[in-house]
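**Student:** If you scroll down you'll find the structure; I have some questions about it.
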Amino acid sequence: MTRPLAIAIAGLGTVGAGTVNLLRANADLIAARAGRPIAVTAVSARDRARDRGIPLGGLRWYEDPVALAADPQVDVVVECIGGSDGPAKALVEAAIAAGKHVVTANKALLAVHGAALAEAAEAKGTALAFEASVAGGIPAIKAVREGLAANRIQRVAGILNGTCNYILTTMREQKREFAEVLAEAQKLGYAEADPSFDIDGIDAAHKLAILAALAFGRPVDFPAVHVEGIREVSALDISLAEELGYRIKLLGIAKREEGGISTRVHPCMVPVNAPIARVDGVFNAVVAEGDAVGRVMMEGRGAGAGPTASAVVADLVDIARGRFTPVWGAASAALAPEASLPMDRHVGAYYLRLMVVDRPGVIADVTGVLRDNAISLESMLQRGRAPGEAVPVVLTTHETRESSVRAALARIASLDAVVEKPALIRIESL
């Protein structure tokens with residue numbers, strides 16, 4: 001009988017425990033597809049006494065996760081600790097240095113340190129696999145890196161954070177405000193006690209940085225990603241968007257443009273008839289556009305024990321079969337260091353919502369500012385009349401430059417009749 005592939009798992013939270021459970025539940029199927037059994041032989045976690053719903057008897061237990069890298073009976077280290085630094089980074093570095101293959105679900109680690117880790121893995125001839133780091137159970141990494149390898153990819157984008165998608169979906173369906181829905185999401189376990197990484201767009205930005213590196217064959221560049229979250233999206237904006245034929249989604253978008261690559265995460269208004277507009281709740285979606293294949297869209301669960309463990313085990317099957325792909329699709333020396341375009345170079349259409357005192361001359365003042373900044377309006381909507389009180393005024397623009405819109409909004413916000421910070425949401429045709 002072929003010797004089992006011996007793996008060690010660091011971190012027994014949702015993903016780590018889910019991986020142990022899946023490997024045991026589907027052991028025969030996985031062995032057939034891997035060409036040999038895959039066996040968990042060692043683990044590391046902070047609390048030995050905690051009940052994780054899975055039997056752990058017979059496994060070697062390490063208090064220090066980095067010690068897993070020195071275990072001579074381990075072939076592959078699976079890192080499920082999380083975080084861009086600390087024990088997760090130390091473990092992955094130690095495992096690669098020891099010549100062990102690594103599987104990780106850690107998008108922050110790959111986004112921040114992926115270039116250096118890839119070079120180290122290449123030098124050692126080991127696999128560094130990370131299918132679970134982006135979009136959970138959706139095989140987005142393999143699709144972009146391997147399935148679309150013959151294509152020049154022009155754009156890769158998607159809904160990359162299920163927490164934000166759940167909040168925006170619930171706000172739309174139940175006509176509730178952000179803070180109320182966030183609190184409910186935390187009670188249901190869809191949002192962390194500290195939800196900042198999710199709702200401020202950082203989690204999605206980590207994933208987009210990874211996808212952009214794969215799509216465009218360049219070193220991963222997380223600092224170049226423009227990041228905005230969903231804290232300022234209001235129920236009013238969601239309602240007005242629907243009235244205009246749009247839905248609001250937090251999207252990550254990486255695009256090849258003249259002069260370089262743009263990478264941005266922010267709320268977007270997408271047409272209601274666009275396939276991605278119908279991806280609701282905790283689901284994720286990834287869209288890629290290649291010169292040969294055209295447009296490809298994948299949708300599925302972006303987090304949770306089962307979907308993420310599915311991606312981890314898919315990487316383990318590849319390693320068991322000896323299928324090793326360069327981390328970023330090509331050797332580090334072959335990656336092209338293309339320029340990253342700043343957000344103020346972005347050109348697109350915009351939704352602007354102003355709260356203004358309803359009195360004569362206000363609209364003329366606003367449109368005068370837009371004219372001075374060479375911004376052309378596509379439509380204008382004023383909801384209701386309430387002389388002397390604040391009313392919403394909605395403007396949508398033709399394509400214009402981000403820097404022009406920002407300059408115009410700064411002037412508009414200073415007008416006496418504007419009573420709160422103007423809302424800006426970019427319109428996308430994805």
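Note on naming: chains are A, B, ... as they come in the structure tokens, residues start from 1 per chain, ligands start from 1 in the order shown.
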From a backbone DSSP assignment, name each residue in region 108-283 of chain A labelled strand (DSSP E or B), as an NGL selection string.

**Tutor:** :A and (128-129 or 153-159 or 226-227 or 246-257 or 260-271 or 283)

**Student:** With only C-alpha atoms counted and 10 Å as the cut-off, give the residues of region 365-392 of chain A in contact with region 399-411 of chain A, each with its shortest interatomic distance in Å and the pair that gives it, as a Markdown table.

**Tutor:**
| residue | atom | partner | partner_atom | distance |
| --- | --- | --- | --- | --- |
| A:Val366 | CA | A:Ala408 | CA | 8.9 |
| A:Thr367 | CA | A:Ala408 | CA | 9.8 |
| A:Gly368 | CA | A:Ala408 | CA | 9.7 |
| A:Val369 | CA | A:Ala408 | CA | 6.0 |
| A:Leu370 | CA | A:Ala408 | CA | 6.0 |
| A:Arg371 | CA | A:Ala408 | CA | 9.1 |
| A:Asp372 | CA | A:Ala408 | CA | 8.2 |
| A:Asn373 | CA | A:Ser404 | CA | 5.8 |
| A:Ala374 | CA | A:Ser404 | CA | 7.5 |
| A:Ile375 | CA | A:Thr400 | CA | 6.3 |
| A:Ser376 | CA | A:Thr400 | CA | 7.7 |
| A:Leu377 | CA | A:Glu399 | CA | 9.2 |
| A:Glu378 | CA | A:Glu399 | CA | 9.3 |

**Student:** Give me, as a ChimeraX atom specification, the residues of region 163-263 of chain A that a backbone DSSP run labels helix (DSSP H, G or I).

**Tutor:** /A:163-174,178-188,196-199,202-216,222-224,235-243

**Student:** Hey, which bits of region 256-340 of chain A sit within 12 Å of region 129-140 of chain A, and for each residue what's the closest pair of atoms and how far apart in Å (one decimal), counting only C-alpha atoms, rows by chain and increasing number, as a tab-separated table?

**Tutor:**
residue	atom	partner	partner_atom	distance
A:Val282	CA	A:Ala135	CA	10.7
A:Phe283	CA	A:Ala135	CA	8.8
A:Asn284	CA	A:Ala135	CA	6.1
A:Ala285	CA	A:Ala135	CA	7.4
A:Val286	CA	A:Ala140	CA	6.9
A:Val287	CA	A:Ala140	CA	9.1
A:Ala288	CA	A:Ala140	CA	9.5
A:Val296	CA	A:Ala140	CA	10.7
A:Met297	CA	A:Ala140	CA	9.6
A:Met298	CA	A:Ile138	CA	6.9
A:Glu299	CA	A:Ile138	CA	6.7
A:Gly300	CA	A:Ile138	CA	5.7
A:Arg301	CA	A:Gly137	CA	5.9
A:Gly302	CA	A:Gly136	CA	4.0
A:Ala303	CA	A:Gly136	CA	4.8
A:Gly304	CA	A:Gly136	CA	7.4
A:Ala305	CA	A:Gly136	CA	9.1
A:Gly306	CA	A:Gly137	CA	7.8
A:Pro307	CA	A:Gly137	CA	4.0
A:Thr308	CA	A:Gly136	CA	4.5
A:Ala309	CA	A:Ala132	CA	7.4
A:Ser310	CA	A:Gly137	CA	6.0
A:Ala311	CA	A:Ala132	CA	4.8
A:Val312	CA	A:Ala132	CA	5.6
A:Val313	CA	A:Ala132	CA	9.0
A:Ala314	CA	A:Glu131	CA	7.8
A:Asp315	CA	A:Ala129	CA	6.1
A:Leu316	CA	A:Ala129	CA	8.4
A:Val317	CA	A:Ala129	CA	10.9
A:Asp318	CA	A:Ala129	CA	9.1
A:Ile319	CA	A:Ala129	CA	8.7
A:Arg323	CA	A:Ala129	CA	10.6
A:Phe324	CA	A:Ala129	CA	8.5
A:Thr325	CA	A:Ala129	CA	8.4
A:Pro326	CA	A:Ala129	CA	9.1
A:Val327	CA	A:Ala129	CA	7.0
A:Trp328	CA	A:Ala129	CA	10.0
A:Gly329	CA	A:Ala129	CA	11.3

**Student:** Generate a file of the selected residues that holds N, CA and C atoms, formatted as a short mmCIF file (atom, residue, chain, number, x, y, z; two decimals), in the first residue's frame.

**Tutor:**
data_model
loop_
_atom_site.label_atom_id
_atom_site.label_comp_id
_atom_site.auth_asym_id
_atom_site.auth_seq_id
_atom_site.Cartn_x
_atom_site.Cartn_y
_atom_site.Cartn_z
N VAL A 282 -24.49 35.41 2.21
CA VAL A 282 -23.08 35.18 2.52
C VAL A 282 -22.30 34.65 1.32
N PHE A 283 -22.92 34.59 0.17
CA PHE A 283 -22.26 34.03 -1.00
C PHE A 283 -21.22 34.99 -1.57
N ASN A 284 -20.21 34.41 -2.20
CA ASN A 284 -19.17 35.15 -2.92
C ASN A 284 -19.30 34.88 -4.41
N ALA A 285 -18.64 35.71 -5.20
CA ALA A 285 -18.58 35.49 -6.65
C ALA A 285 -17.26 36.05 -7.16
N VAL A 286 -16.69 35.37 -8.16
CA VAL A 286 -15.46 35.82 -8.79
C VAL A 286 -15.69 35.85 -10.30
N VAL A 287 -15.34 36.97 -10.93
CA VAL A 287 -15.49 37.15 -12.37
C VAL A 287 -14.11 37.39 -12.97
N ALA A 288 -13.80 36.69 -14.06
CA ALA A 288 -12.55 36.93 -14.78
C ALA A 288 -12.87 37.11 -16.25
N VAL A 296 -15.97 34.81 -17.45
CA VAL A 296 -16.25 33.62 -16.66
C VAL A 296 -16.67 34.08 -15.27
N MET A 297 -17.73 33.48 -14.73
CA MET A 297 -18.17 33.84 -13.38
C MET A 297 -18.37 32.58 -12.55
N MET A 298 -17.85 32.60 -11.33
CA MET A 298 -18.01 31.51 -10.38
C MET A 298 -18.68 32.04 -9.12
N GLU A 299 -19.59 31.27 -8.57
CA GLU A 299 -20.34 31.70 -7.39
C GLU A 299 -20.40 30.56 -6.39
N GLY A 300 -20.35 30.89 -5.11
CA GLY A 300 -20.47 29.85 -4.09
C GLY A 300 -20.26 30.42 -2.71
N ARG A 301 -20.19 29.53 -1.74
CA ARG A 301 -19.99 29.95 -0.35
C ARG A 301 -18.54 30.35 -0.14
N GLY A 302 -18.35 31.54 0.40
CA GLY A 302 -17.01 32.08 0.53
C GLY A 302 -16.35 31.82 1.87
N ALA A 303 -17.03 31.16 2.78
CA ALA A 303 -16.45 30.91 4.10
C ALA A 303 -17.19 29.74 4.74
N GLY A 304 -16.77 29.39 5.95
CA GLY A 304 -17.41 28.30 6.67
C GLY A 304 -16.55 27.05 6.65
N ALA A 305 -16.84 26.14 7.57
CA ALA A 305 -16.01 24.95 7.74
C ALA A 305 -15.96 24.11 6.48
N GLY A 306 -17.13 23.75 5.94
CA GLY A 306 -17.17 22.86 4.78
C GLY A 306 -16.53 23.45 3.53
N PRO A 307 -16.97 24.62 3.08
CA PRO A 307 -16.39 25.19 1.86
C PRO A 307 -14.89 25.43 1.94
N THR A 308 -14.41 25.97 3.06
CA THR A 308 -12.99 26.27 3.16
C THR A 308 -12.17 24.99 3.29
N ALA A 309 -12.68 24.02 4.05
CA ALA A 309 -11.98 22.74 4.14
C ALA A 309 -11.93 22.05 2.77
N SER A 310 -12.97 22.19 1.99
CA SER A 310 -12.97 21.64 0.63
C SER A 310 -11.79 22.16 -0.17
N ALA A 311 -11.51 23.46 -0.05
CA ALA A 311 -10.40 24.05 -0.78
C ALA A 311 -9.05 23.58 -0.23
N VAL A 312 -8.94 23.47 1.10
CA VAL A 312 -7.70 22.97 1.70
C VAL A 312 -7.40 21.56 1.22
N VAL A 313 -8.41 20.70 1.23
CA VAL A 313 -8.19 19.31 0.84
C VAL A 313 -7.88 19.20 -0.65
N ALA A 314 -8.45 20.06 -1.47
CA ALA A 314 -8.11 20.06 -2.89
C ALA A 314 -6.62 20.30 -3.09
N ASP A 315 -6.03 21.21 -2.31
CA ASP A 315 -4.59 21.44 -2.37
C ASP A 315 -3.81 20.22 -1.90
N LEU A 316 -4.29 19.56 -0.86
CA LEU A 316 -3.61 18.36 -0.36
C LEU A 316 -3.63 17.25 -1.40
N VAL A 317 -4.72 17.10 -2.12
CA VAL A 317 -4.80 16.10 -3.18
C VAL A 317 -3.76 16.39 -4.26
N ASP A 318 -3.62 17.66 -4.64
CA ASP A 318 -2.61 18.03 -5.63
C ASP A 318 -1.21 17.65 -5.16
N ILE A 319 -0.91 17.95 -3.91
CA ILE A 319 0.41 17.64 -3.37
C ILE A 319 0.64 16.15 -3.33
N ARG A 323 1.50 17.31 -8.01
CA ARG A 323 1.19 18.43 -8.91
C ARG A 323 1.54 19.74 -8.23
N PHE A 324 2.65 20.31 -8.59
CA PHE A 324 3.10 21.57 -7.99
C PHE A 324 3.07 22.67 -9.04
N THR A 325 2.40 23.74 -8.74
CA THR A 325 2.34 24.90 -9.63
C THR A 325 3.06 26.07 -8.97
N PRO A 326 3.83 26.85 -9.72
CA PRO A 326 4.44 28.04 -9.10
C PRO A 326 3.39 28.88 -8.39
N VAL A 327 3.76 29.43 -7.27
CA VAL A 327 2.81 30.12 -6.40
C VAL A 327 1.98 31.14 -7.16
N TRP A 328 2.64 31.98 -7.96
CA TRP A 328 1.93 33.05 -8.67
C TRP A 328 1.74 32.72 -10.15
N GLY A 329 1.80 31.43 -10.49
CA GLY A 329 1.54 31.00 -11.85
C GLY A 329 2.77 30.94 -12.73
#

**Student:** Choose the residue, out of A:His266, A:Lys107, A:Arg172, A:Lys207, that has the smallest atom-to-atom separation from Arg247 (chain A); count only C-alpha atoms.

**Tutor:**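 Of A:His266, A:Lys107, A:Arg172, A:Lys207, the one nearest Arg247 (chain A) is A:Arg172, counting only C-alpha atoms.
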
**Student:** Give me the residues within 7 Å of Ala45 (chain A) as a PyMOL selection string, counting only C-alpha atoms and dropping any in the same chain fewer than 2 places off.

**Tutor:** chain A and resi 10-12+43+47-48+63

**Student:** Determine the nearest neighbour of Asn151 (chain A) from the options A:Leu128, A:Val15, A:Ala292, A:Leu244, counting only C-alpha atoms.

**Tutor:**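 Of A:Leu128, A:Val15, A:Ala292, A:Leu244, the one nearest Asn151 (chain A) is A:Ala292, counting only C-alpha atoms.
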
**Student:** Which residues, written as a PyMOL selection string, have at least one atom at most 12 Å from region 119-122 of chain A, with only C-alpha atoms counted and residues fewer than 3 positions away on the same chain left out?

**Tutor:** chain A and resi 92-103+113-116+125-129+219+324-335

**Student:** Do a neighbour search on Ala339 (chain A) at 9 Å with only C-alpha atoms, toss out local chain neighbours closer than 2 positions, and write the hits as a ChimeraX atom specification.

**Tutor:** /A:259-262,337,341

**Student:** Next, dump the selected residues to file, keeping only N, CA, C and O atoms, as a short mmCIF file (atom, residue, chain, number, x, y, z; two decimals), in the first residue's frame.

**Tutor:**
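For reference, out-v8.cif as written:
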data_model
loop_
_atom_site.label_atom_id
_atom_site.label_comp_id
_atom_site.auth_asym_id
_atom_site.auth_seq_id
_atom_site.Cartn_x
_atom_site.Cartn_y
_atom_site.Cartn_z
N GLY A 259 -1.09 52.15 -18.91
CA GLY A 259 -0.13 52.63 -17.92
C GLY A 259 0.07 51.73 -16.73
O GLY A 259 0.96 51.97 -15.92
N GLY A 260 -0.77 50.68 -16.57
CA GLY A 260 -0.57 49.79 -15.44
C GLY A 260 -1.82 49.06 -15.00
O GLY A 260 -2.76 48.88 -15.77
N ILE A 261 -1.83 48.66 -13.74
CA ILE A 261 -2.91 47.86 -13.16
C ILE A 261 -3.59 48.65 -12.05
O ILE A 261 -2.92 49.22 -11.18
N SER A 262 -4.91 48.72 -12.09
CA SER A 262 -5.67 49.34 -11.00
C SER A 262 -6.27 48.25 -10.13
O SER A 262 -6.75 47.24 -10.63
N PRO A 337 6.89 43.39 -13.00
CA PRO A 337 6.54 44.41 -11.99
C PRO A 337 5.83 45.60 -12.61
O PRO A 337 6.38 46.70 -12.70
N LEU A 341 -1.75 51.72 -10.60
CA LEU A 341 -2.35 53.02 -10.87
C LEU A 341 -3.06 53.56 -9.62
O LEU A 341 -3.81 52.83 -8.97
#
